[in-house]
file start_22.pdb (PDB, C-alpha atoms and all ligand atoms)
ATOM      1  CA  MET A 444     -51.399  50.828 185.103
ATOM      2  CA  GLU A 445     -53.753  48.070 184.027
ATOM      3  CA  TYR A 446     -53.458  44.421 185.005
ATOM      4  CA  PHE A 447     -55.197  41.215 183.912
ATOM      5  CA  GLU A 448     -55.391  38.757 186.809
ATOM      6  CA  THR A 449     -55.232  35.392 185.031
ATOM      7  CA  HIS A 450     -55.670  33.100 188.024
ATOM      8  CA  ALA A 451     -57.740  33.859 191.134
ATOM      9  CA  HIS A 452     -60.198  31.987 193.336
ATOM     10  CA  TYR A 453     -62.624  34.634 194.595
ATOM     11  CA  ASP A 454     -65.441  32.092 194.905
ATOM     12  CA  THR A 455     -63.743  30.509 197.953
ATOM     13  CA  PRO A 456     -65.008  30.917 201.558
ATOM     14  CA  GLU A 457     -61.937  33.044 202.373
ATOM     15  CA  TYR A 458     -63.730  35.975 200.669
ATOM     16  CA  ASP A 459     -67.269  35.331 201.953
ATOM     17  CA  ALA A 460     -67.191  38.158 204.513
ATOM     18  CA  ASP A 461     -66.069  40.975 202.187
ATOM     19  CA  ARG A 462     -66.081  39.666 198.599
ATOM     20  CA  ASP A 463     -67.784  42.669 197.021
ATOM     21  CA  ALA A 464     -65.540  45.191 198.821
ATOM     22  CA  ILE A 465     -62.370  43.309 197.847
ATOM     23  CA  LEU A 466     -63.404  42.969 194.210
ATOM     24  CA  ARG A 467     -64.109  46.696 194.039
ATOM     25  CA  SER A 468     -60.803  47.701 195.657
ATOM     26  CA  VAL A 469     -58.929  45.345 193.350
ATOM     27  CA  SER A 470     -60.662  46.953 190.383
ATOM     28  CA  ASP A 471     -59.870  50.463 191.721
ATOM     29  CA  ALA A 472     -56.205  49.418 191.956
ATOM     30  CA  GLY A 473     -56.057  48.868 188.175
ATOM     31  CA  VAL A 474     -56.963  45.191 187.869
ATOM     32  CA  SER A 475     -59.239  45.582 184.864
ATOM     33  CA  HIS A 476     -59.929  41.868 184.272
ATOM     34  CA  ILE A 477     -60.007  38.796 186.496
ATOM     35  CA  LEU A 478     -60.155  35.184 185.408
ATOM     36  CA  ASN A 479     -61.815  33.303 188.248
ATOM     37  CA  VAL A 480     -60.562  29.742 188.018
ATOM     38  CA  SER A 481     -62.535  26.735 189.288
ATOM     39  CA  TYR A 482     -61.334  23.573 191.006
ATOM     40  CA  GLU A 483     -64.425  21.331 191.161
ATOM     41  CA  THR A 484     -68.110  21.309 190.218
ATOM     42  CA  GLY A 485     -69.403  23.602 192.994
ATOM     43  CA  SER A 486     -66.604  26.050 192.324
ATOM     44  CA  SER A 487     -67.336  25.950 188.579
ATOM     45  CA  ALA A 488     -70.961  26.906 189.163
ATOM     46  CA  ARG A 489     -69.924  29.655 191.611
ATOM     47  CA  SER A 490     -67.336  31.065 189.172
ATOM     48  CA  VAL A 491     -69.953  31.375 186.438
ATOM     49  CA  ALA A 492     -72.334  33.073 188.883
ATOM     50  CA  LEU A 493     -69.598  35.507 189.982
ATOM     51  CA  ALA A 494     -68.711  36.313 186.371
ATOM     52  CA  GLY A 495     -72.390  37.018 185.738
ATOM     53  CA  GLN A 496     -72.401  39.581 188.541
ATOM     54  CA  TYR A 497     -69.309  41.623 187.591
ATOM     55  CA  PRO A 498     -68.564  42.582 183.988
ATOM     56  CA  TRP A 499     -64.777  42.510 184.552
ATOM     57  CA  ILE A 500     -64.786  38.945 185.900
ATOM     58  CA  HIS A 501     -64.557  35.958 183.548
ATOM     59  CA  ALA A 502     -64.799  32.295 184.435
ATOM     60  CA  ALA A 503     -62.762  29.166 183.806
ATOM     61  CA  VAL A 504     -64.610  25.935 184.618
ATOM     62  CA  GLY A 505     -62.997  22.606 185.387
ATOM     63  CA  ILE A 506     -61.789  20.015 187.853
ATOM     64  CA  HIS A 507     -58.391  20.267 189.548
ATOM     65  CA  PRO A 508     -56.411  17.000 189.837
ATOM     66  CA  GLN A 509     -56.676  17.157 193.641
ATOM     67  CA  TYR A 510     -60.497  17.037 193.315
ATOM     68  CA  ILE A 511     -60.496  14.113 190.922
ATOM     69  CA  GLN A 512     -63.002  12.218 193.105
ATOM     70  CA  CYS A 513     -65.744  14.532 191.830
ATOM     71  CA  PHE A 514     -64.956  13.761 188.165
ATOM     72  CA  ASP A 515     -67.978  11.634 187.258
ATOM     73  CA  GLU A 516     -70.809  11.590 184.703
ATOM     74  CA  SER A 517     -72.750  14.375 186.400
ATOM     75  CA  ALA A 518     -69.601  16.530 186.538
ATOM     76  CA  LYS A 519     -69.101  15.975 182.801
ATOM     77  CA  THR A 520     -72.710  16.972 182.094
ATOM     78  CA  LEU A 521     -72.353  20.122 184.201
ATOM     79  CA  LEU A 522     -69.066  21.161 182.539
ATOM     80  CA  ARG A 523     -70.476  20.567 179.040
ATOM     81  CA  GLU A 524     -73.338  22.879 179.978
ATOM     82  CA  LEU A 525     -71.226  25.563 181.684
ATOM     83  CA  VAL A 526     -68.712  25.995 178.831
ATOM     84  CA  GLN A 527     -71.570  27.430 176.799
ATOM     85  CA  ALA A 528     -72.096  30.372 179.174
ATOM     86  CA  PRO A 529     -70.902  33.636 177.561
ATOM     87  CA  SER A 530     -68.772  34.529 180.617
ATOM     88  CA  VAL A 531     -66.794  31.269 180.389
ATOM     89  CA  VAL A 532     -63.547  31.975 178.539
ATOM     90  CA  ALA A 533     -61.477  28.908 179.506
ATOM     91  CA  VAL A 534     -61.507  25.346 180.798
ATOM     92  CA  GLY A 535     -59.646  24.785 184.077
ATOM     93  CA  GLU A 536     -57.949  24.416 186.189
ATOM     94  CA  CYS A 537     -57.180  20.865 185.172
ATOM     95  CA  GLY A 538     -54.023  18.844 184.822
ATOM     96  CA  LEU A 539     -51.768  16.577 186.820
ATOM     97  CA  ASP A 540     -50.485  16.806 190.412
ATOM     98  CA  TYR A 541     -48.418  13.847 191.531
ATOM     99  CA  PHE A 542     -46.819  15.844 194.351
ATOM    100  CA  ALA A 543     -49.959  16.653 196.360
ATOM    101  CA  TRP A 544     -51.344  13.175 195.858
ATOM    102  CA  LYS A 545     -48.180  11.431 197.042
ATOM    103  CA  SER A 546     -47.671  13.644 200.068
ATOM    104  CA  GLY A 547     -51.358  13.325 201.052
ATOM    105  CA  LYS A 548     -51.142   9.565 200.710
ATOM    106  CA  LYS A 549     -48.090   9.217 202.886
ATOM    107  CA  GLU A 550     -49.858  10.932 205.765
ATOM    108  CA  ALA A 551     -53.036   8.922 205.404
ATOM    109  CA  ASP A 552     -51.946   5.407 204.484
ATOM    110  CA  GLY A 553     -48.207   5.091 204.831
ATOM    111  CA  ILE A 554     -46.124   4.487 201.701
ATOM    112  CA  SER A 555     -48.427   3.802 198.753
ATOM    113  CA  ALA A 556     -48.188   0.680 196.701
ATOM    114  CA  GLN A 557     -46.837   1.096 193.173
ATOM    115  CA  ALA A 558     -50.188  -0.108 191.790
ATOM    116  CA  ASP A 559     -51.986   2.750 193.583
ATOM    117  CA  ILE A 560     -49.632   5.287 192.098
ATOM    118  CA  ILE A 561     -50.202   3.952 188.594
ATOM    119  CA  ALA A 562     -53.990   3.891 189.056
ATOM    120  CA  GLU A 563     -54.010   7.474 190.361
ATOM    121  CA  ARG A 564     -51.852   8.706 187.479
ATOM    122  CA  GLU A 565     -54.239   7.067 185.049
ATOM    123  CA  ARG A 566     -57.288   8.642 186.703
ATOM    124  CA  GLN A 567     -55.687  12.085 186.589
ATOM    125  CA  MET A 568     -54.613  11.677 182.973
ATOM    126  CA  GLU A 569     -58.099  10.561 181.959
ATOM    127  CA  ALA A 570     -59.718  13.632 183.562
ATOM    128  CA  PHE A 571     -57.084  15.928 182.043
ATOM    129  CA  ARG A 572     -57.563  14.447 178.547
ATOM    130  CA  TRP A 573     -61.335  14.715 178.853
ATOM    131  CA  GLN A 574     -61.082  18.412 179.747
ATOM    132  CA  MET A 575     -58.599  19.088 176.914
ATOM    133  CA  GLU A 576     -61.086  17.458 174.537
ATOM    134  CA  LEU A 577     -63.918  19.578 175.983
ATOM    135  CA  ALA A 578     -61.819  22.710 175.390
ATOM    136  CA  ALA A 579     -61.062  21.607 171.822
ATOM    137  CA  GLN A 580     -64.753  21.121 171.115
ATOM    138  CA  ALA A 581     -65.760  24.404 172.756
ATOM    139  CA  GLY A 582     -62.894  26.326 171.112
ATOM    140  CA  LEU A 583     -61.620  27.500 174.517
ATOM    141  CA  PRO A 584     -58.108  27.776 175.970
ATOM    142  CA  VAL A 585     -57.103  25.690 179.007
ATOM    143  CA  VAL A 586     -55.677  26.669 182.412
ATOM    144  CA  VAL A 587     -53.301  23.830 183.304
ATOM    145  CA  HIS A 588     -52.162  22.934 186.811
ATOM    146  CA  SER A 589     -49.098  20.692 186.710
ATOM    147  CA  ARG A 590     -46.855  19.686 189.588
ATOM    148  CA  ALA A 591     -44.225  16.935 189.705
ATOM    149  CA  ALA A 592     -45.731  15.641 186.448
ATOM    150  CA  GLY A 593     -43.683  17.296 183.685
ATOM    151  CA  PRO A 594     -43.283  14.423 181.169
ATOM    152  CA  ASP A 595     -46.937  13.266 181.345
ATOM    153  CA  THR A 596     -48.124  16.882 181.041
ATOM    154  CA  MET A 597     -46.006  17.479 177.921
ATOM    155  CA  GLN A 598     -47.280  14.237 176.419
ATOM    156  CA  ILE A 599     -50.907  15.331 176.811
ATOM    157  CA  LEU A 600     -50.225  18.862 175.482
ATOM    158  CA  ARG A 601     -48.734  17.243 172.372
ATOM    159  CA  GLU A 602     -51.786  15.000 171.945
ATOM    160  CA  PHE A 603     -53.938  18.135 171.498
ATOM    161  CA  PRO A 604     -51.929  20.316 169.099
ATOM    162  CA  LYS A 605     -54.874  22.641 168.428
ATOM    163  CA  VAL A 606     -55.485  23.420 172.107
ATOM    164  CA  ARG A 607     -53.766  26.462 173.629
ATOM    165  CA  GLY A 608     -53.690  27.872 177.090
ATOM    166  CA  VAL A 609     -51.543  28.688 180.090
ATOM    167  CA  MET A 610     -49.281  26.577 182.258
ATOM    168  CA  HIS A 611     -50.360  28.195 185.507
ATOM    169  CA  SER A 612     -47.950  28.835 188.410
ATOM    170  CA  PHE A 613     -45.171  27.333 186.360
ATOM    171  CA  SER A 614     -42.813  25.226 188.509
ATOM    172  CA  TYR A 615     -40.548  23.503 185.975
ATOM    173  CA  SER A 616     -37.305  24.411 184.182
ATOM    174  CA  ALA A 617     -36.773  27.201 181.660
ATOM    175  CA  GLU A 618     -36.140  24.495 179.035
ATOM    176  CA  MET A 619     -39.587  23.015 179.584
ATOM    177  CA  ALA A 620     -41.136  26.512 179.568
ATOM    178  CA  LEU A 621     -39.610  27.121 176.141
ATOM    179  CA  GLU A 622     -40.950  23.778 174.923
ATOM    180  CA  CYS A 623     -44.447  24.855 176.011
ATOM    181  CA  VAL A 624     -43.968  28.180 174.244
ATOM    182  CA  LYS A 625     -42.988  26.309 171.068
ATOM    183  CA  LEU A 626     -46.279  24.411 171.299
ATOM    184  CA  GLY A 627     -48.084  27.761 171.430
ATOM    185  CA  TRP A 628     -48.695  27.918 175.164
ATOM    186  CA  HIS A 629     -48.346  30.765 177.661
ATOM    187  CA  ILE A 630     -46.484  30.618 180.982
ATOM    188  CA  GLY A 631     -48.172  31.885 184.159
ATOM    189  CA  ILE A 632     -45.921  33.643 186.672
ATOM    190  CA  GLY A 633     -47.204  33.945 190.231
ATOM    191  CA  PRO A 634     -46.169  35.184 193.689
ATOM    192  CA  VAL A 635     -43.302  32.656 194.011
ATOM    193  CA  ILE A 636     -41.145  34.961 191.873
ATOM    194  CA  THR A 637     -41.016  37.473 194.754
ATOM    195  CA  ARG A 638     -39.422  34.921 197.110
ATOM    196  CA  PRO A 639     -35.719  35.186 197.816
ATOM    197  CA  GLY A 640     -33.925  32.269 196.207
ATOM    198  CA  ALA A 641     -36.664  31.582 193.629
ATOM    199  CA  ARG A 642     -33.991  30.922 191.012
ATOM    200  CA  LYS A 643     -35.901  28.558 188.726
ATOM    201  CA  ILE A 644     -38.880  30.813 188.105
ATOM    202  CA  ARG A 645     -36.625  33.867 187.694
ATOM    203  CA  GLU A 646     -34.787  32.036 184.919
ATOM    204  CA  VAL A 647     -38.150  31.161 183.327
ATOM    205  CA  ALA A 648     -39.193  34.839 183.439
ATOM    206  CA  GLU A 649     -35.883  35.853 181.900
ATOM    207  CA  LYS A 650     -35.922  33.354 179.014
ATOM    208  CA  VAL A 651     -39.600  33.272 178.017
ATOM    209  CA  PRO A 652     -40.505  36.180 175.691
ATOM    210  CA  LEU A 653     -42.762  38.770 177.365
ATOM    211  CA  GLU A 654     -45.385  38.075 174.665
ATOM    212  CA  ARG A 655     -45.871  34.614 176.178
ATOM    213  CA  LEU A 656     -46.008  35.533 179.861
ATOM    214  CA  LEU A 657     -49.132  36.001 181.947
ATOM    215  CA  ILE A 658     -49.269  37.190 185.553
ATOM    216  CA  GLU A 659     -51.444  35.660 188.255
ATOM    217  CA  THR A 660     -51.768  35.593 192.041
ATOM    218  CA  ASP A 661     -53.658  32.285 192.619
ATOM    219  CA  CYS A 662     -55.221  34.103 195.574
ATOM    220  CA  PRO A 663     -56.044  33.154 198.301
ATOM    221  CA  TYR A 664     -53.708  30.145 197.978
ATOM    222  CA  GLN A 665     -50.436  31.948 197.232
ATOM    223  CA  VAL A 666     -48.980  35.209 198.522
ATOM    224  CA  THR A 667     -46.012  37.383 197.655
ATOM    225  CA  GLU A 668     -43.088  37.705 200.050
ATOM    226  CA  SER A 669     -44.310  41.010 201.519
ATOM    227  CA  CYS A 670     -47.852  39.644 202.042
ATOM    228  CA  ARG A 671     -46.785  36.542 203.991
ATOM    229  CA  GLY A 672     -49.255  35.683 206.746
ATOM    230  CA  GLN A 673     -52.015  37.752 205.107
ATOM    231  CA  ARG A 674     -54.905  36.863 202.845
ATOM    232  CA  GLY A 675     -53.772  37.886 199.397
ATOM    233  CA  ASP A 676     -55.712  39.430 196.536
ATOM    234  CA  SER A 677     -55.052  40.579 192.963
ATOM    235  CA  ARG A 678     -53.376  43.811 194.088
ATOM    236  CA  MET A 679     -50.244  41.637 194.473
ATOM    237  CA  LEU A 680     -49.985  41.653 190.648
ATOM    238  CA  ALA A 681     -48.108  44.977 190.866
ATOM    239  CA  GLN A 682     -45.294  43.297 192.833
ATOM    240  CA  ILE A 683     -45.124  40.378 190.390
ATOM    241  CA  ALA A 684     -44.987  42.740 187.391
ATOM    242  CA  ALA A 685     -42.240  44.795 189.088
ATOM    243  CA  GLU A 686     -40.203  41.653 189.734
ATOM    244  CA  ILE A 687     -40.455  40.519 186.096
ATOM    245  CA  ALA A 688     -39.564  44.048 184.950
ATOM    246  CA  GLY A 689     -36.390  43.948 187.075
ATOM    247  CA  ILE A 690     -35.366  40.572 185.660
ATOM    248  CA  LYS A 691     -35.986  41.581 182.052
ATOM    249  CA  GLY A 692     -34.576  45.093 182.446
ATOM    250  CA  ILE A 693     -37.753  46.765 181.201
ATOM    251  CA  SER A 694     -40.380  48.969 182.848
ATOM    252  CA  ALA A 695     -43.179  47.619 185.028
ATOM    253  CA  GLU A 696     -45.574  49.501 182.718
ATOM    254  CA  GLU A 697     -44.400  47.426 179.769
ATOM    255  CA  VAL A 698     -44.872  44.200 181.727
ATOM    256  CA  ALA A 699     -48.376  45.230 182.830
ATOM    257  CA  GLU A 700     -49.398  46.407 179.377
ATOM    258  CA  THR A 701     -48.024  43.429 177.437
ATOM    259  CA  THR A 702     -49.256  40.726 179.836
ATOM    260  CA  THR A 703     -52.699  42.377 179.865
ATOM    261  CA  ALA A 704     -52.768  42.329 176.073
ATOM    262  CA  ASN A 705     -51.548  38.691 176.027
ATOM    263  CA  ALA A 706     -54.331  37.613 178.380
ATOM    264  CA  GLY A 707     -56.921  39.613 176.437
ATOM    265  CA  LYS A 708     -56.008  37.751 173.264
ATOM    266  CA  LEU A 709     -55.844  34.310 174.862
ATOM    267  CA  PHE A 710     -59.035  34.654 176.871
ATOM    268  CA  SER A 711     -61.131  36.308 174.181
ATOM    269  CA  PRO A 712     -63.993  36.918 173.676
ATOM    270  CA  SER A 713     -63.360  38.810 176.931
ATOM    271  CA  PRO A 714     -63.746  42.431 175.777
ATOM    272  CA  ILE A 715     -60.568  44.385 176.350
TER     273      ILE A 715
HETATM  274 ZN    ZN B   1     -55.407  27.827 191.332
END
call {"tool": "encode", "arguments": {"input": "start_22.pdb", "output": "structure tokens"}}
result
Amino acid sequence: MEYFETHAHYDTPEYDADRDAILRSVSDAGVSHILNVSYETGSSARSVALAGQYPWIHAAVGIHPQYIQCFDESAKTLLRELVQAPSVVAVGECGLDYFAWKSGKKEADGISAQADIIAERERQMEAFRWQMELAAQAGLPVVVHSRAAGPDTMQILREFPKVRGVMHSFSYSAEMALECVKLGWHIGIGPVITRPGARKIREVAEKVPLERLLIETDCPYQVTESCRGQRGDSRMLAQIAAEIAGIKGISAEEVAETTTANAGKLFSPSPI
């Protein structure tokens, strides 16, 4: 079976000790393509370097909403330059995360003032819009991270009707997933689907047509139920595909084959 890993972070220090060995075992296990997704400027440069080293790795470059402090003029210059690299097939991950920001704030400063919340939302929306515009200009799809920010995310997707991409590690309702699909977007299903009681994402997997699903591990940040307490890697895709197959009543082969083809089309010119 062949899998396309559509969201991994192999440039992170978690893989420094054995990166090459892991990437080769992942490839031997049938993961024929990996999209290495960036979260800030350093990560963007490292993703492009990694994609230059391995023909089956492709890069997405961008700034995650939790790293918004590094979104400045020099970051914009770097991203404009990096999107031109042949191994860069997407912009991201970018988007909105009101959950992480609020919970981080509570620990650090006590309850945030309403004005702070509004200012932060505006900063995140500005960076997200800028990256959507960059993708539009470069003709690239976008890897969107969105948490506790459904309405603002939908608003920005609608502002850029020509931009397509994936709503990565989807955490909203099946209704919102179908709205994204209507706008031409794909839905990324990750390790959460293997958790007992993951009702919401199971319903998403059931209702969204297979032609619009992508599979991803978000390694090393997420793990499947059976890999709890371990460092994950893209071999977990087999468990995610099997879970989706069970929900849809189809074979795991069909899930692997169709999601691989979906990703190949979305993240072209990646040769597939
Ligand atoms: Zn990620």
call {"tool": "closest_residue", "arguments": {"input": "start_22.pdb", "among": "A:Glu649, A:Asp661, A:Glu697, A:Asp676", "to": "ligand ZN 1 (chain B)", "atoms": "all atoms listed in the file"}}
result
A:Asp661
call {"tool": "resolve_selection", "arguments": {"input": "start_22.pdb", "expression": "the PyMOL selection byres (((chain A and resi 686) around 12) and not hetatm)", "output": "PyMOL selection string"}}
result
chain A and resi 632-639+641+644-645+648-649+658+667-668+679-685+687-696+698-699
call {"tool": "residues_around", "arguments": {"input": "start_22.pdb", "residues": "Lys650 (chain A)", "least_positions_apart": "2", "cutoff": "8 Å", "atoms": "only C-alpha atoms", "output": "list in words"}}
result
Ala617, Leu621, Glu646, Val647, Ala648 and Pro652 of chain A
call {"tool": "write_last_selection", "arguments": {"input": "start_22.pdb", "atoms": "C-alpha atoms", "output": "mmCIF file, in the coordinates of the input"}}
result
data_model
loop_
_atom_site.group_PDB
_atom_site.id
_atom_site.type_symbol
_atom_site.label_atom_id
_atom_site.label_comp_id
_atom_site.auth_asym_id
_atom_site.auth_seq_id
_atom_site.Cartn_x
_atom_site.Cartn_y
_atom_site.Cartn_z
ATOM 1 C CA ALA A 617 -36.773 27.201 181.660
ATOM 2 C CA LEU A 621 -39.610 27.121 176.141
ATOM 3 C CA GLU A 646 -34.787 32.036 184.919
ATOM 4 C CA VAL A 647 -38.150 31.161 183.327
ATOM 5 C CA ALA A 648 -39.193 34.839 183.439
ATOM 6 C CA PRO A 652 -40.505 36.180 175.691
#
call {"tool": "atom_distance", "arguments": {"input": "start_22.pdb", "atom1": "CA of Leu653 (chain A)", "atom2": "CA of Lys708 (chain A)"}}
result
13.9 Å
call {"tool": "residues_near_ligand", "arguments": {"input": "start_22.pdb", "ligand": "ligand ZN 1 (chain B)", "cutoff": "12 Å", "atoms": "all atoms listed in the file", "output": "ChimeraX atom specification"}}
result
/A:448-455,478-483,486,503-509,535-538,586-590,609-613,631,633,659-665
call {"tool": "closest_residue", "arguments": {"input": "start_22.pdb", "among": "A:Glu602, A:Glu563, A:Asp461, A:Glu654", "to": "Ile630 (chain A)", "atoms": "all atoms listed in the file"}}
result
A:Glu654
call {"tool": "residues_near_point", "arguments": {"input": "start_22.pdb", "point": "(-59.1, 27.8, 178.2)", "cutoff": "6 Å", "atoms": "all atoms listed in the file", "output": "JSON, numbers by chain"}}
result
{"A": [533, 534, 583, 584, 585, 586, 608]}
call {"tool": "closest_residue", "arguments": {"input": "start_22.pdb", "among": "A:Val606, A:Gln557, A:Thr701, A:Arg566", "to": "Ala579 (chain A)", "atoms": "only C-alpha atoms"}}
result
A:Val606
call {"tool": "resolve_selection", "arguments": {"input": "start_22.pdb", "expression": "the PyMOL selection byres (((chain A and resi 564) around 12) and not hetatm)", "output": "JSON, numbers by chain"}}
result
{"A": [508, 509, 511, 538, 539, 540, 541, 542, 544, 545, 557, 558, 559, 560, 561, 562, 563, 565, 566, 567, 568, 569, 570, 571, 591, 592, 595, 596]}
call {"tool": "atom_distance", "arguments": {"input": "start_22.pdb", "atom1": "CA of Val532 (chain A)", "atom2": "CA of Val624 (chain A)"}}
result
20.4 Å
call {"tool": "axis_aligned_box", "arguments": {"input": "start_22.pdb", "around": "region 511-528 of chain A", "padding_each_side": "8 Å", "output": "AutoDock Vina command-line options"}}
result
--center_x -66.9 --center_y 21.0 --center_z 185.0 --size_x 28.8 --size_y 34.8 --size_z 32.3
call {"tool": "resolve_selection", "arguments": {"input": "start_22.pdb", "expression": "the PyMOL selection byres (((chain A and resi 622) around 12) and not hetatm)", "output": "VMD selection string"}}
result
chain A and resid 593 to 594 596 to 598 600 to 601 610 615 to 621 623 to 630 647 650 to 651 655
call {"tool": "atom_distance", "arguments": {"input": "start_22.pdb", "atom1": "CA of Ala488 (chain A)", "atom2": "CA of Asp463 (chain A)"}}
result
17.9 Å
call {"tool": "decode", "arguments": {"input": "start_22.pdb", "residues": "region 579-595 of chain A", "atoms": "N, CA and C atoms", "output": "tab-separated table (two decimals), in the first residue's frame"}}
result
chain	number	residue	atom	x	y	z
A	579	ALA	N	-2.06	32.74	-3.30
A	579	ALA	CA	-2.80	33.10	-4.52
A	579	ALA	C	-1.82	33.55	-5.60
A	580	GLN	N	-0.86	34.39	-5.18
A	580	GLN	CA	0.10	34.91	-6.16
A	580	GLN	C	1.02	33.82	-6.68
A	581	ALA	N	1.41	32.88	-5.79
A	581	ALA	CA	2.34	31.83	-6.19
A	581	ALA	C	1.61	30.66	-6.86
A	582	GLY	N	0.28	30.66	-6.82
A	582	GLY	CA	-0.49	29.55	-7.39
A	582	GLY	C	-0.33	28.28	-6.58
A	583	LEU	N	-0.19	28.41	-5.25
A	583	LEU	CA	0.00	27.23	-4.40
A	583	LEU	C	-1.20	27.01	-3.48
A	584	PRO	N	-1.43	25.75	-3.10
A	584	PRO	CA	-2.47	25.48	-2.09
A	584	PRO	C	-1.97	25.86	-0.69
A	585	VAL	N	-2.90	25.88	0.28
A	585	VAL	CA	-2.55	26.31	1.64
A	585	VAL	C	-2.88	25.22	2.64
A	586	VAL	N	-1.99	25.03	3.63
A	586	VAL	CA	-2.23	24.12	4.75
A	586	VAL	C	-2.70	24.99	5.91
A	587	VAL	N	-3.99	24.85	6.26
A	587	VAL	CA	-4.57	25.72	7.29
A	587	VAL	C	-4.65	25.03	8.64
A	588	HIS	N	-4.17	25.74	9.67
A	588	HIS	CA	-4.33	25.31	11.06
A	588	HIS	C	-5.42	26.19	11.64
A	589	SER	N	-6.48	25.58	12.17
A	589	SER	CA	-7.56	26.39	12.74
A	589	SER	C	-8.11	25.71	13.99
A	590	ARG	N	-8.08	26.44	15.10
A	590	ARG	CA	-8.59	25.87	16.35
A	590	ARG	C	-9.36	26.94	17.11
A	591	ALA	N	-10.56	26.60	17.52
A	591	ALA	CA	-11.44	27.51	18.27
A	591	ALA	C	-11.63	28.83	17.53
A	592	ALA	N	-11.61	28.77	16.19
A	592	ALA	CA	-11.70	29.98	15.37
A	592	ALA	C	-12.49	29.72	14.09
A	593	GLY	N	-13.53	28.90	14.20
A	593	GLY	CA	-14.31	28.49	13.02
A	593	GLY	C	-14.86	29.64	12.19
A	594	PRO	N	-15.66	30.55	12.77
A	594	PRO	CA	-16.28	31.61	11.95
A	594	PRO	C	-15.26	32.52	11.25
A	595	ASP	N	-14.20	32.93	11.97
A	595	ASP	CA	-13.19	33.80	11.33
A	595	ASP	C	-12.44	33.05	10.23
